[in-house]
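Dumped target-v6.pdb below, it's PDB, C-alpha atoms:
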```
ATOM      1  CA  MET A   1      42.823 -42.474  32.634
ATOM      2  CA  LEU A   2      45.112 -40.244  30.701
ATOM      3  CA  ARG A   3      43.573 -41.404  27.429
ATOM      4  CA  THR A   4      40.066 -40.697  28.773
ATOM      5  CA  THR A   5      41.111 -37.197  29.873
ATOM      6  CA  ILE A   6      42.560 -36.438  26.473
ATOM      7  CA  LEU A   7      39.407 -37.683  24.767
ATOM      8  CA  LEU A   8      37.212 -35.613  27.073
ATOM      9  CA  ALA A   9      39.341 -32.506  26.542
ATOM     10  CA  GLY A  10      39.235 -33.062  22.817
ATOM     11  CA  LEU A  11      35.475 -33.510  22.921
ATOM     12  CA  LEU A  12      35.015 -30.298  24.914
ATOM     13  CA  ALA A  13      37.289 -28.410  22.548
ATOM     14  CA  LEU A  14      35.333 -29.686  19.608
ATOM     15  CA  THR A  15      32.036 -28.794  21.237
ATOM     16  CA  GLY A  16      33.382 -25.370  22.112
ATOM     17  CA  GLY A  17      34.675 -24.956  18.605
ATOM     18  CA  PHE A  18      31.354 -25.724  17.067
ATOM     19  CA  ALA A  19      29.306 -23.682  19.483
ATOM     20  CA  PRO A  20      29.888 -20.292  17.787
ATOM     21  CA  ALA A  21      29.103 -21.745  14.385
ATOM     22  CA  SER A  22      25.905 -23.183  15.799
ATOM     23  CA  ALA A  23      24.957 -19.780  17.239
ATOM     24  CA  ALA A  24      25.693 -18.126  13.906
ATOM     25  CA  SER A  25      23.473 -20.556  12.053
ATOM     26  CA  LYS A  26      20.611 -19.689  14.410
ATOM     27  CA  ALA A  27      20.903 -16.030  13.313
ATOM     28  CA  LYS A  28      20.054 -16.900   9.701
ATOM     29  CA  PRO A  29      16.407 -16.608   8.656
ATOM     30  CA  PRO A  30      14.586 -19.915   8.526
ATOM     31  CA  ALA A  31      14.684 -21.523   5.107
ATOM     32  CA  THR A  32      10.892 -21.545   4.956
ATOM     33  CA  ALA A  33      10.519 -17.711   5.113
ATOM     34  CA  PRO A  34       8.709 -16.390   2.020
ATOM     35  CA  ALA A  35      10.966 -14.455  -0.381
ATOM     36  CA  HIS A  36       9.949 -10.889  -1.131
ATOM     37  CA  HIS A  37      10.064 -10.259  -4.843
ATOM     38  CA  VAL A  38      11.034  -7.021  -6.527
ATOM     39  CA  HIS A  39       8.572  -5.952  -9.244
ATOM     40  CA  VAL A  40       9.844  -3.275 -11.613
ATOM     41  CA  ILE A  41       7.599  -0.795 -13.434
ATOM     42  CA  VAL A  42       9.480   1.027 -16.199
ATOM     43  CA  ILE A  43       8.470   4.587 -17.080
ATOM     44  CA  ASP A  44       9.211   5.572 -20.657
ATOM     45  CA  GLN A  45       7.711   7.971 -23.207
ATOM     46  CA  MET A  46       5.269   9.462 -20.694
ATOM     47  CA  GLN A  47       3.790   6.097 -19.702
ATOM     48  CA  TYR A  48       3.991   3.563 -16.892
ATOM     49  CA  GLY A  49       5.007   0.217 -18.434
ATOM     50  CA  PRO A  50       3.071  -3.042 -17.955
ATOM     51  CA  MET A  51       1.825  -3.548 -14.404
ATOM     52  CA  PRO A  52       3.354  -6.568 -12.650
ATOM     53  CA  THR A  53       1.015  -9.395 -11.697
ATOM     54  CA  ASP A  54       1.073 -11.724  -8.692
ATOM     55  CA  VAL A  55       2.293  -9.017  -6.334
ATOM     56  CA  ARG A  56       2.027  -9.964  -2.677
ATOM     57  CA  ALA A  57       2.058  -7.854   0.460
ATOM     58  CA  GLY A  58       5.659  -7.311   1.561
ATOM     59  CA  ASP A  59       7.020  -7.432  -2.000
ATOM     60  CA  ILE A  60       9.004  -4.486  -3.305
ATOM     61  CA  ILE A  61       7.575  -2.311  -6.096
ATOM     62  CA  GLU A  62      10.233  -0.380  -7.940
ATOM     63  CA  TRP A  63       9.641   2.379 -10.512
ATOM     64  CA  THR A  64      12.478   3.073 -12.952
ATOM     65  CA  ASN A  65      12.305   6.355 -14.853
ATOM     66  CA  LYS A  66      13.890   6.036 -18.303
ATOM     67  CA  ASP A  67      12.357   9.290 -19.528
ATOM     68  CA  ILE A  68      14.171  12.596 -19.936
ATOM     69  CA  LEU A  69      11.672  14.237 -17.568
ATOM     70  CA  GLU A  70      11.029  14.056 -13.862
ATOM     71  CA  HIS A  71       8.086  11.850 -12.893
ATOM     72  CA  SER A  72       6.547  10.507  -9.712
ATOM     73  CA  ALA A  73       4.541   7.562  -8.472
ATOM     74  CA  THR A  74       2.014   9.211  -6.193
ATOM     75  CA  ALA A  75      -0.766   7.287  -4.476
ATOM     76  CA  ARG A  76      -4.280   8.647  -4.919
ATOM     77  CA  ASP A  77      -4.914   7.884  -1.250
ATOM     78  CA  GLY A  78      -1.704   9.634  -0.166
ATOM     79  CA  HIS A  79       0.015   6.487   1.114
ATOM     80  CA  PHE A  80       3.165   7.034  -0.924
ATOM     81  CA  ASP A  81       4.768   9.689  -3.081
ATOM     82  CA  VAL A  82       7.942   8.596  -4.864
ATOM     83  CA  ASP A  83       9.832  11.297  -6.770
ATOM     84  CA  LEU A  84      11.702  10.005  -9.800
ATOM     85  CA  LYS A  85      14.316  12.200 -11.409
ATOM     86  CA  PRO A  86      15.303  11.215 -14.964
ATOM     87  CA  GLY A  87      17.311   7.990 -14.945
ATOM     88  CA  THR A  88      16.578   7.107 -11.315
ATOM     89  CA  SER A  89      14.524   4.486  -9.468
ATOM     90  CA  GLY A  90      12.384   4.520  -6.341
ATOM     91  CA  ARG A  91      10.819   1.792  -4.201
ATOM     92  CA  ILE A  92       7.996   1.072  -1.815
ATOM     93  CA  THR A  93       7.016  -2.034   0.125
ATOM     94  CA  ALA A  94       3.645  -3.243  -1.107
ATOM     95  CA  THR A  95       0.667  -3.478   1.204
ATOM     96  CA  ALA A  96      -2.407  -5.534   0.375
ATOM     97  CA  GLY A  97      -5.103  -3.822  -1.656
ATOM     98  CA  THR A  98      -5.485  -1.943  -4.909
ATOM     99  CA  LEU A  99      -2.819   0.701  -5.415
ATOM    100  CA  VAL A 100      -3.975   3.550  -7.633
ATOM    101  CA  PHE A 101      -1.203   5.983  -8.501
ATOM    102  CA  PHE A 102      -0.420   8.813 -10.892
ATOM    103  CA  CYS A 103       2.380  11.179 -11.837
ATOM    104  CA  LYS A 104       1.907  14.429  -9.936
ATOM    105  CA  PHE A 105       3.809  16.266 -12.694
ATOM    106  CA  HIS A 106       1.802  14.698 -15.549
ATOM    107  CA  PRO A 107      -1.694  13.862 -14.321
ATOM    108  CA  THR A 108      -2.535  12.020 -17.549
ATOM    109  CA  MET A 109      -0.111   9.270 -16.443
ATOM    110  CA  THR A 110      -1.941   6.766 -14.220
ATOM    111  CA  GLY A 111      -1.508   3.176 -13.038
ATOM    112  CA  THR A 112      -3.378   0.586 -10.984
ATOM    113  CA  LEU A 113      -1.808  -2.378  -9.259
ATOM    114  CA  VAL A 114      -3.450  -5.192  -7.263
ATOM    115  CA  VAL A 115      -1.505  -6.474  -4.256
ATOM    116  CA  LYS A 116      -2.693  -9.758  -2.715
TER     117      LYS A 116
ATOM    118  CA  MET B   1      -7.155  29.715 -35.888
ATOM    119  CA  ASN B   2      -5.182  32.632 -34.496
ATOM    120  CA  LYS B   3      -2.393  34.419 -36.350
ATOM    121  CA  PRO B   4       0.697  32.645 -34.969
ATOM    122  CA  LEU B   5      -0.841  29.231 -35.411
ATOM    123  CA  LEU B   6      -1.901  30.086 -38.943
ATOM    124  CA  ALA B   7       1.657  31.208 -39.659
ATOM    125  CA  LEU B   8       2.976  27.961 -38.194
ATOM    126  CA  ALA B   9       0.525  25.833 -40.180
ATOM    127  CA  LEU B  10       1.389  27.682 -43.383
ATOM    128  CA  ALA B  11       5.097  27.408 -42.746
ATOM    129  CA  PHE B  12       4.858  23.669 -42.092
ATOM    130  CA  GLY B  13       2.552  23.261 -45.067
ATOM    131  CA  ILE B  14       5.202  24.835 -47.258
ATOM    132  CA  ALA B  15       7.882  22.645 -45.700
ATOM    133  CA  SER B  16       5.793  19.548 -46.439
ATOM    134  CA  VAL B  17       5.388  20.569 -50.053
ATOM    135  CA  ALA B  18       9.120  21.187 -50.255
ATOM    136  CA  ASN B  19       9.755  17.652 -48.998
ATOM    137  CA  VAL B  20       7.469  16.095 -51.579
ATOM    138  CA  GLN B  21       9.164  18.109 -54.300
ATOM    139  CA  ALA B  22      12.601  17.111 -53.086
ATOM    140  CA  LYS B  23      11.665  13.447 -53.325
ATOM    141  CA  THR B  24      10.399  13.796 -56.899
ATOM    142  CA  PRO B  25      13.268  13.144 -59.324
ATOM    143  CA  ALA B  26      11.442  14.716 -62.279
ATOM    144  CA  VAL B  27      11.613  18.166 -60.675
ATOM    145  CA  ALA B  28      14.620  19.993 -62.117
ATOM    146  CA  SER B  29      15.381  22.315 -59.211
ATOM    147  CA  PRO B  30      13.414  21.171 -56.185
ATOM    148  CA  ALA B  31      12.875  23.514 -53.292
ATOM    149  CA  PRO B  32      15.341  22.576 -50.543
ATOM    150  CA  ALA B  33      13.893  20.245 -47.907
ATOM    151  CA  ILE B  34      14.064  21.359 -44.321
ATOM    152  CA  ASN B  35      17.384  20.290 -42.802
ATOM    153  CA  ASP B  36      18.304  19.050 -39.326
ATOM    154  CA  ALA B  37      19.790  22.399 -38.262
ATOM    155  CA  GLN B  38      16.500  24.119 -39.137
ATOM    156  CA  ILE B  39      14.418  21.377 -37.519
ATOM    157  CA  ALA B  40      16.417  21.742 -34.303
ATOM    158  CA  HIS B  41      15.874  25.516 -34.401
ATOM    159  CA  ILE B  42      12.121  25.178 -34.953
ATOM    160  CA  ALA B  43      11.725  22.590 -32.183
ATOM    161  CA  TYR B  44      13.777  24.685 -29.758
ATOM    162  CA  THR B  45      11.872  27.870 -30.641
ATOM    163  CA  ALA B  46       8.543  26.105 -30.141
ATOM    164  CA  GLY B  47       9.704  25.037 -26.680
ATOM    165  CA  VAL B  48      10.893  28.510 -25.690
ATOM    166  CA  ILE B  49       7.547  29.974 -26.757
ATOM    167  CA  ASP B  50       5.631  27.644 -24.472
ATOM    168  CA  VAL B  51       7.987  28.306 -21.548
ATOM    169  CA  THR B  52       7.444  32.062 -22.030
ATOM    170  CA  ALA B  53       3.677  31.557 -22.128
ATOM    171  CA  ALA B  54       3.902  29.468 -18.947
ATOM    172  CA  LYS B  55       5.875  32.169 -17.138
ATOM    173  CA  GLN B  56       3.210  34.709 -18.056
ATOM    174  CA  ALA B  57       0.529  32.324 -16.764
ATOM    175  CA  LEU B  58       2.361  31.947 -13.466
ATOM    176  CA  GLN B  59       2.421  35.741 -13.104
ATOM    177  CA  LYS B  60      -1.222  36.264 -14.029
ATOM    178  CA  SER B  61      -3.284  33.237 -13.023
ATOM    179  CA  HIS B  62      -4.609  32.541  -9.535
ATOM    180  CA  ASN B  63      -6.297  29.290 -10.540
ATOM    181  CA  LYS B  64      -4.538  26.344  -8.856
ATOM    182  CA  ALA B  65      -5.106  23.904 -11.742
ATOM    183  CA  VAL B  66      -4.021  26.429 -14.376
ATOM    184  CA  ARG B  67      -0.884  27.244 -12.387
ATOM    185  CA  ALA B  68      -0.070  23.522 -12.030
ATOM    186  CA  PHE B  69      -0.443  23.120 -15.788
ATOM    187  CA  ALA B  70       1.797  26.134 -16.443
ATOM    188  CA  GLU B  71       4.428  24.716 -14.089
ATOM    189  CA  GLU B  72       4.281  21.439 -16.026
ATOM    190  CA  MET B  73       4.786  23.292 -19.322
ATOM    191  CA  GLN B  74       7.691  25.303 -17.955
ATOM    192  CA  ARG B  75       9.410  22.251 -16.448
ATOM    193  CA  ASP B  76       8.899  19.861 -19.374
ATOM    194  CA  HIS B  77       9.685  22.198 -22.255
ATOM    195  CA  THR B  78      12.789  23.416 -20.439
ATOM    196  CA  ALA B  79      13.904  19.807 -19.933
ATOM    197  CA  VAL B  80      13.325  18.887 -23.582
ATOM    198  CA  ASN B  81      15.128  22.007 -24.779
ATOM    199  CA  ASP B  82      18.064  21.219 -22.479
ATOM    200  CA  GLN B  83      18.229  17.788 -24.130
ATOM    201  CA  ALA B  84      18.012  19.373 -27.581
ATOM    202  CA  LEU B  85      20.867  21.758 -26.778
ATOM    203  CA  ALA B  86      23.005  18.913 -25.470
ATOM    204  CA  LEU B  87      22.280  16.910 -28.615
ATOM    205  CA  VAL B  88      23.147  19.652 -31.112
ATOM    206  CA  LYS B  89      26.337  20.319 -29.165
ATOM    207  CA  LYS B  90      27.232  16.635 -29.314
ATOM    208  CA  LEU B  91      26.452  16.463 -33.032
ATOM    209  CA  GLY B  92      28.312  19.696 -33.747
ATOM    210  CA  VAL B  93      25.202  21.161 -35.367
ATOM    211  CA  THR B  94      24.444  24.888 -35.129
ATOM    212  CA  PRO B  95      20.665  25.437 -35.080
ATOM    213  CA  GLN B  96      19.778  27.496 -38.118
ATOM    214  CA  ASP B  97      17.256  30.309 -37.979
ATOM    215  CA  ASN B  98      14.590  30.100 -40.656
ATOM    216  CA  PRO B  99      11.267  31.669 -41.685
ATOM    217  CA  THR B 100       9.233  29.131 -39.690
ATOM    218  CA  SER B 101      11.077  29.934 -36.462
ATOM    219  CA  GLN B 102      10.708  33.646 -37.142
ATOM    220  CA  SER B 103       6.957  33.337 -37.780
ATOM    221  CA  LEU B 104       6.595  31.318 -34.609
ATOM    222  CA  ALA B 105       8.451  33.882 -32.506
ATOM    223  CA  SER B 106       6.646  36.952 -33.846
ATOM    224  CA  GLY B 107       3.247  35.235 -33.681
ATOM    225  CA  ALA B 108       3.857  34.174 -30.092
ATOM    226  CA  ALA B 109       4.801  37.727 -29.114
ATOM    227  CA  ASP B 110       1.471  38.953 -30.517
ATOM    228  CA  GLU B 111      -0.410  36.246 -28.644
ATOM    229  CA  GLN B 112       1.339  37.142 -25.411
ATOM    230  CA  LYS B 113       0.237  40.778 -25.803
ATOM    231  CA  LYS B 114      -3.372  39.676 -26.282
ATOM    232  CA  LEU B 115      -3.229  37.469 -23.214
ATOM    233  CA  ALA B 116      -1.590  40.238 -21.180
ATOM    234  CA  ALA B 117      -4.714  42.364 -21.662
ATOM    235  CA  LEU B 118      -6.929  39.693 -20.051
ATOM    236  CA  SER B 119      -7.356  38.764 -16.396
ATOM    237  CA  GLY B 120      -9.141  36.341 -14.098
ATOM    238  CA  SER B 121     -11.126  33.500 -15.637
ATOM    239  CA  ALA B 122     -11.077  35.178 -19.066
ATOM    240  CA  TYR B 123      -7.284  34.949 -19.032
ATOM    241  CA  ASP B 124      -7.315  31.344 -17.756
ATOM    242  CA  LYS B 125      -9.682  30.204 -20.496
ATOM    243  CA  ALA B 126      -7.789  32.038 -23.242
ATOM    244  CA  TYR B 127      -4.415  30.712 -22.065
ATOM    245  CA  VAL B 128      -5.623  27.109 -21.925
ATOM    246  CA  ALA B 129      -7.463  27.385 -25.264
ATOM    247  CA  ASN B 130      -4.298  28.705 -26.865
ATOM    248  CA  GLU B 131      -2.261  25.893 -25.306
ATOM    249  CA  ILE B 132      -4.612  23.320 -26.840
ATOM    250  CA  ALA B 133      -4.409  24.932 -30.283
ATOM    251  CA  TYR B 134      -0.642  25.443 -30.025
ATOM    252  CA  HIS B 135       0.075  21.843 -29.010
ATOM    253  CA  LYS B 136      -2.251  20.516 -31.711
ATOM    254  CA  THR B 137      -0.392  22.481 -34.362
ATOM    255  CA  VAL B 138       3.075  21.635 -33.048
ATOM    256  CA  ASN B 139       2.157  17.942 -32.731
ATOM    257  CA  GLY B 140       0.813  17.957 -36.295
ATOM    258  CA  ALA B 141       4.038  19.581 -37.498
ATOM    259  CA  LEU B 142       6.182  17.082 -35.559
ATOM    260  CA  SER B 143       4.399  14.011 -36.896
ATOM    261  CA  GLY B 144       3.763  15.369 -40.397
ATOM    262  CA  THR B 145       6.980  17.212 -41.208
ATOM    263  CA  LEU B 146       9.716  17.471 -38.605
ATOM    264  CA  ILE B 147      10.030  13.788 -37.595
ATOM    265  CA  PRO B 148       9.813  12.425 -41.181
ATOM    266  CA  SER B 149      12.318  15.045 -42.388
ATOM    267  CA  ALA B 150      14.896  14.567 -39.614
ATOM    268  CA  GLN B 151      17.975  12.800 -40.956
ATOM    269  CA  ASN B 152      19.917  12.195 -37.738
ATOM    270  CA  ALA B 153      18.589   9.214 -35.772
ATOM    271  CA  GLU B 154      19.164  10.824 -32.366
ATOM    272  CA  LEU B 155      17.388  14.022 -33.397
ATOM    273  CA  LYS B 156      14.502  11.958 -34.783
ATOM    274  CA  SER B 157      14.312   9.998 -31.526
ATOM    275  CA  LEU B 158      14.270  13.177 -29.424
ATOM    276  CA  LEU B 159      11.505  14.620 -31.599
ATOM    277  CA  GLU B 160       9.517  11.392 -31.178
ATOM    278  CA  THR B 161       9.915  11.612 -27.406
ATOM    279  CA  GLY B 162       8.855  15.243 -27.622
ATOM    280  CA  LEU B 163       5.748  14.289 -29.589
ATOM    281  CA  LYS B 164       4.668  11.783 -26.904
ATOM    282  CA  LEU B 165       5.234  14.425 -24.270
ATOM    283  CA  PHE B 166       3.369  17.168 -26.125
ATOM    284  CA  GLN B 167       0.447  14.831 -26.868
ATOM    285  CA  SER B 168       0.210  14.303 -23.123
ATOM    286  CA  HIS B 169       0.281  18.095 -22.642
ATOM    287  CA  GLN B 170      -2.515  18.488 -25.177
ATOM    288  CA  ALA B 171      -4.618  15.889 -23.336
ATOM    289  CA  HIS B 172      -3.954  17.665 -20.041
ATOM    290  CA  ALA B 173      -4.923  21.045 -21.534
ATOM    291  CA  GLU B 174      -8.125  19.607 -23.029
ATOM    292  CA  HIS B 175      -9.050  18.088 -19.676
ATOM    293  CA  LEU B 176      -8.258  21.374 -17.943
ATOM    294  CA  ALA B 177     -10.394  23.368 -20.403
ATOM    295  CA  LEU B 178     -13.420  21.243 -19.490
ATOM    296  CA  SER B 179     -12.993  22.125 -15.814
ATOM    297  CA  LEU B 180     -12.851  25.857 -16.614
ATOM    298  CA  LYS B 181     -16.269  25.977 -18.268
TER     299      LYS B 181
END
```
Do you think you could lay out the structure here as structure tokens?
Amino acid sequence: MLRTTILLAGLLALTGGFAPASAASKAKPPATAPAHHVHVIVIDQMQYGPMPTDVRAGDIIEWTNKDILEHSATARDGHFDVDLKPGTSGRITATAGTLVFFCKFHPTMTGTLVVK
Amino acid sequence: MNKPLLALALAFGIASVANVQAKTPAVASPAPAINDAQIAHIAYTAGVIDVTAAKQALQKSHNKAVRAFAEEMQRDHTAVNDQALALVKKLGVTPQDNPTSQSLASGAADEQKKLAALSGSAYDKAYVANEIAYHKTVNGALSGTLIPSAQNAELKSLLETGLKLFQSHQAHAEHLALSLK
């Protein structure tokens, strides 16, 4: 009887001990969730660098300004307007469609990106 | 070609000839090639001139596109000149005044007087036309004389960045001129 009680108490303690860990594991995102990639567009010498391919909705698009001048990534349709001081970066979360953008300070700088 | 641009073209033409002579060993006493201190002075002066022209445009023009262009010129040329000042300070170089810089400055003052006498769309068209001509000449001087003559790698690199920038300005001005017709 005593042995059974000890075993039961031990079992309960173990169960109790594991319970928080089990709850914590439930808080993690499921392993099957799609990863959101970060696509970087480098600005240098008054130009947007190569446009990333295979961009999906929910991915991050990041512009990095390596120029000595301030630039921007401004959507033609007004959906985003990212100011980029020299040496800084800015991000948006991509939405499906064709993103047409330009630099509001240098209108000859333009870029087009397809998001699936 | 107007007077200041002619002066600039002549000055750079002479500088180019001087460079060719300096590279020819057979010449006994070659004319001195343009040095980095003079190049820095010319590049800085060219920037100041365009900032001054932009400030005048912002006082005189009521055209939204012309004002946006002038703001771009003021912002970009100020930024490049700030970089140039930081570079010469770092290199311990004192920009050296020279006949080309002097011609540029006096020619620009004359041009500013001419533009001051105009108003409305006549001013807008004249300002933009001058910006096209000015950038064409400066870009030609950068690629033909200043960049090849620059000895310091960092100065050369800054001039190359400046050339890309000013080519973009020229394209913007040309596009703007079409919309003013």
Gly97 (chain A) proximity check over A:Ile41, A:Val82, A:Val114, A:Ile68, using all atoms listed in the file: winner is A:Val114
Answer key for the ChimeraX specification (/A :<9) & /B, residues as an mmCIF file with C-alpha atoms, in the frame of the given file:
```
data_model
loop_
_atom_site.group_PDB
_atom_site.id
_atom_site.type_symbol
_atom_site.label_atom_id
_atom_site.label_comp_id
_atom_site.auth_asym_id
_atom_site.auth_seq_id
_atom_site.Cartn_x
_atom_site.Cartn_y
_atom_site.Cartn_z
ATOM 1 C CA ALA B 68 -0.070 23.522 -12.030
ATOM 2 C CA PHE B 69 -0.443 23.120 -15.788
ATOM 3 C CA GLU B 71 4.428 24.716 -14.089
ATOM 4 C CA GLU B 72 4.281 21.439 -16.026
ATOM 5 C CA ARG B 75 9.410 22.251 -16.448
ATOM 6 C CA ASP B 76 8.899 19.861 -19.374
ATOM 7 C CA ALA B 79 13.904 19.807 -19.933
ATOM 8 C CA VAL B 80 13.325 18.887 -23.582
ATOM 9 C CA GLN B 83 18.229 17.788 -24.130
ATOM 10 C CA GLU B 160 9.517 11.392 -31.178
ATOM 11 C CA THR B 161 9.915 11.612 -27.406
ATOM 12 C CA GLY B 162 8.855 15.243 -27.622
ATOM 13 C CA LYS B 164 4.668 11.783 -26.904
ATOM 14 C CA LEU B 165 5.234 14.425 -24.270
ATOM 15 C CA SER B 168 0.210 14.303 -23.123
ATOM 16 C CA HIS B 169 0.281 18.095 -22.642
ATOM 17 C CA ALA B 171 -4.618 15.889 -23.336
ATOM 18 C CA HIS B 172 -3.954 17.665 -20.041
#
```
Distance cut-off 9 Å, centre (-4.4, 19.1, -27.2) in file coordinates, counting all atoms listed in the file: which residues qualify? Return them as an mmCIF file with C-alpha atoms, in the frame of the given file.
```cif
data_model
loop_
_atom_site.group_PDB
_atom_site.id
_atom_site.type_symbol
_atom_site.label_atom_id
_atom_site.label_comp_id
_atom_site.auth_asym_id
_atom_site.auth_seq_id
_atom_site.Cartn_x
_atom_site.Cartn_y
_atom_site.Cartn_z
ATOM 1 C CA GLU B 131 -2.261 25.893 -25.306
ATOM 2 C CA ILE B 132 -4.612 23.320 -26.840
ATOM 3 C CA ALA B 133 -4.409 24.932 -30.283
ATOM 4 C CA TYR B 134 -0.642 25.443 -30.025
ATOM 5 C CA HIS B 135 0.075 21.843 -29.010
ATOM 6 C CA LYS B 136 -2.251 20.516 -31.711
ATOM 7 C CA THR B 137 -0.392 22.481 -34.362
ATOM 8 C CA ASN B 139 2.157 17.942 -32.731
ATOM 9 C CA PHE B 166 3.369 17.168 -26.125
ATOM 10 C CA GLN B 167 0.447 14.831 -26.868
ATOM 11 C CA SER B 168 0.210 14.303 -23.123
ATOM 12 C CA HIS B 169 0.281 18.095 -22.642
ATOM 13 C CA GLN B 170 -2.515 18.488 -25.177
ATOM 14 C CA ALA B 171 -4.618 15.889 -23.336
ATOM 15 C CA HIS B 172 -3.954 17.665 -20.041
ATOM 16 C CA ALA B 173 -4.923 21.045 -21.534
ATOM 17 C CA GLU B 174 -8.125 19.607 -23.029
ATOM 18 C CA HIS B 175 -9.050 18.088 -19.676
#
```
Could you check how far CA of Ser119 (chain B) sits from CA of Gly107 (chain B), in Å to one decimal?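 Computed distance, CA of Ser119 (chain B) to CA of Gly107 (chain B), equals 20.6 Å.
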Translate the PyMOL selection byres ((chain B and resi 124) around 8), as applied to the file shown, into an explicit residue set as an MDAnalysis selection string. chainID B and resid 57 61 63 66 119:123 125:128 180
Could you give me, as a list of chain:residue names, the residues that sit within 10 Å of (13.3, 29.6, -42.8) in the file's coordinates, counting all atoms listed in the file?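 With a cut-off of 10 Å, the residues come to B:Ala11, B:Ala15, B:Ile34, B:Gln38, B:Ile39, B:His41, B:Ile42, B:Gln96, B:Asp97, B:Asn98, B:Pro99, B:Thr100, B:Ser101, B:Gln102, B:Ser103.
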Written selection (C-alpha atoms) as a PDB file, in the coordinates of the input:
```pdb
ATOM      1  CA  ALA B  11       5.097  27.408 -42.746  1.00  0.00           C
ATOM      2  CA  ALA B  15       7.882  22.645 -45.700  1.00  0.00           C
ATOM      3  CA  ILE B  34      14.064  21.359 -44.321  1.00  0.00           C
ATOM      4  CA  GLN B  38      16.500  24.119 -39.137  1.00  0.00           C
ATOM      5  CA  ILE B  39      14.418  21.377 -37.519  1.00  0.00           C
ATOM      6  CA  HIS B  41      15.874  25.516 -34.401  1.00  0.00           C
ATOM      7  CA  ILE B  42      12.121  25.178 -34.953  1.00  0.00           C
ATOM      8  CA  GLN B  96      19.778  27.496 -38.118  1.00  0.00           C
ATOM      9  CA  ASP B  97      17.256  30.309 -37.979  1.00  0.00           C
ATOM     10  CA  ASN B  98      14.590  30.100 -40.656  1.00  0.00           C
ATOM     11  CA  PRO B  99      11.267  31.669 -41.685  1.00  0.00           C
ATOM     12  CA  THR B 100       9.233  29.131 -39.690  1.00  0.00           C
ATOM     13  CA  SER B 101      11.077  29.934 -36.462  1.00  0.00           C
ATOM     14  CA  GLN B 102      10.708  33.646 -37.142  1.00  0.00           C
ATOM     15  CA  SER B 103       6.957  33.337 -37.780  1.00  0.00           C
TER      16      SER B 103
END
```
Which of these residues is nearest to His79 (chain A), using only C-alpha atoms: A:Leu113, A:Ile92, A:Cys103, A:Ile61?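 Ranking A:Leu113, A:Ile92, A:Cys103, A:Ile61 by distance to His79 (chain A), first place goes to A:Ile92.
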Please write as number ranges by chain the full residue list that the PyMOL selection byres ((chain B and resi 112) around 10) yields on this file. B: 49, 52-53, 56-57, 106-111, 113-117, 127
Between CA of Phe102 (chain A) and CA of Asp77 (chain A), measure the distance and give it in Å to one decimal. 10.7 Å
Using only C-alpha atoms, which residues sit within 9 Å of Arg56 (chain A) once same-chain residues fewer than 2 positions away are excluded, as a ChimeraX atom specification? /A:36-37,54,58-60,94-96,114-116
From the options A:Thr88, A:Thr112, A:His39, A:Phe101, which residue's atoms come nearest to Thr64 (chain A), counting only C-alpha atoms?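 Once distances to Thr64 (chain A) are computed over only C-alpha atoms, the minimum belongs to A:Thr88.
Between CA of His71 (chain A) and CA of Asp82 (chain B) the interatomic distance comes to 16.7 Å.
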Rebuild region 91-98 of chain B so that it carries N, CA, C and O atoms, then output the result as a short mmCIF file (atom, residue, chain, number, x, y, z; two decimals), in the frame of the given file.
```cif
data_model
loop_
_atom_site.label_atom_id
_atom_site.label_comp_id
_atom_site.auth_asym_id
_atom_site.auth_seq_id
_atom_site.Cartn_x
_atom_site.Cartn_y
_atom_site.Cartn_z
N LEU B 91 26.40 16.73 -31.59
CA LEU B 91 26.45 16.46 -33.03
C LEU B 91 27.25 17.53 -33.79
O LEU B 91 27.53 17.36 -34.98
N GLY B 92 27.58 18.62 -33.08
CA GLY B 92 28.31 19.70 -33.75
C GLY B 92 27.45 20.46 -34.74
O GLY B 92 27.95 20.99 -35.73
N VAL B 93 26.14 20.47 -34.47
CA VAL B 93 25.20 21.16 -35.37
C VAL B 93 24.85 22.52 -34.77
O VAL B 93 24.59 22.62 -33.57
N THR B 94 24.87 23.56 -35.58
CA THR B 94 24.44 24.89 -35.13
C THR B 94 23.01 25.11 -35.61
O THR B 94 22.77 25.13 -36.82
N PRO B 95 22.05 25.22 -34.66
CA PRO B 95 20.66 25.44 -35.08
C PRO B 95 20.57 26.64 -36.01
O PRO B 95 21.19 27.68 -35.76
N GLN B 96 19.81 26.47 -37.06
CA GLN B 96 19.78 27.50 -38.12
C GLN B 96 18.43 28.21 -38.13
O GLN B 96 17.38 27.56 -38.29
N ASP B 97 18.50 29.52 -37.95
CA ASP B 97 17.26 30.31 -37.98
C ASP B 97 16.62 30.18 -39.37
O ASP B 97 17.30 29.96 -40.36
N ASN B 98 15.31 30.32 -39.40
CA ASN B 98 14.59 30.10 -40.66
C ASN B 98 13.23 30.80 -40.56
O ASN B 98 12.79 31.17 -39.47
#
```
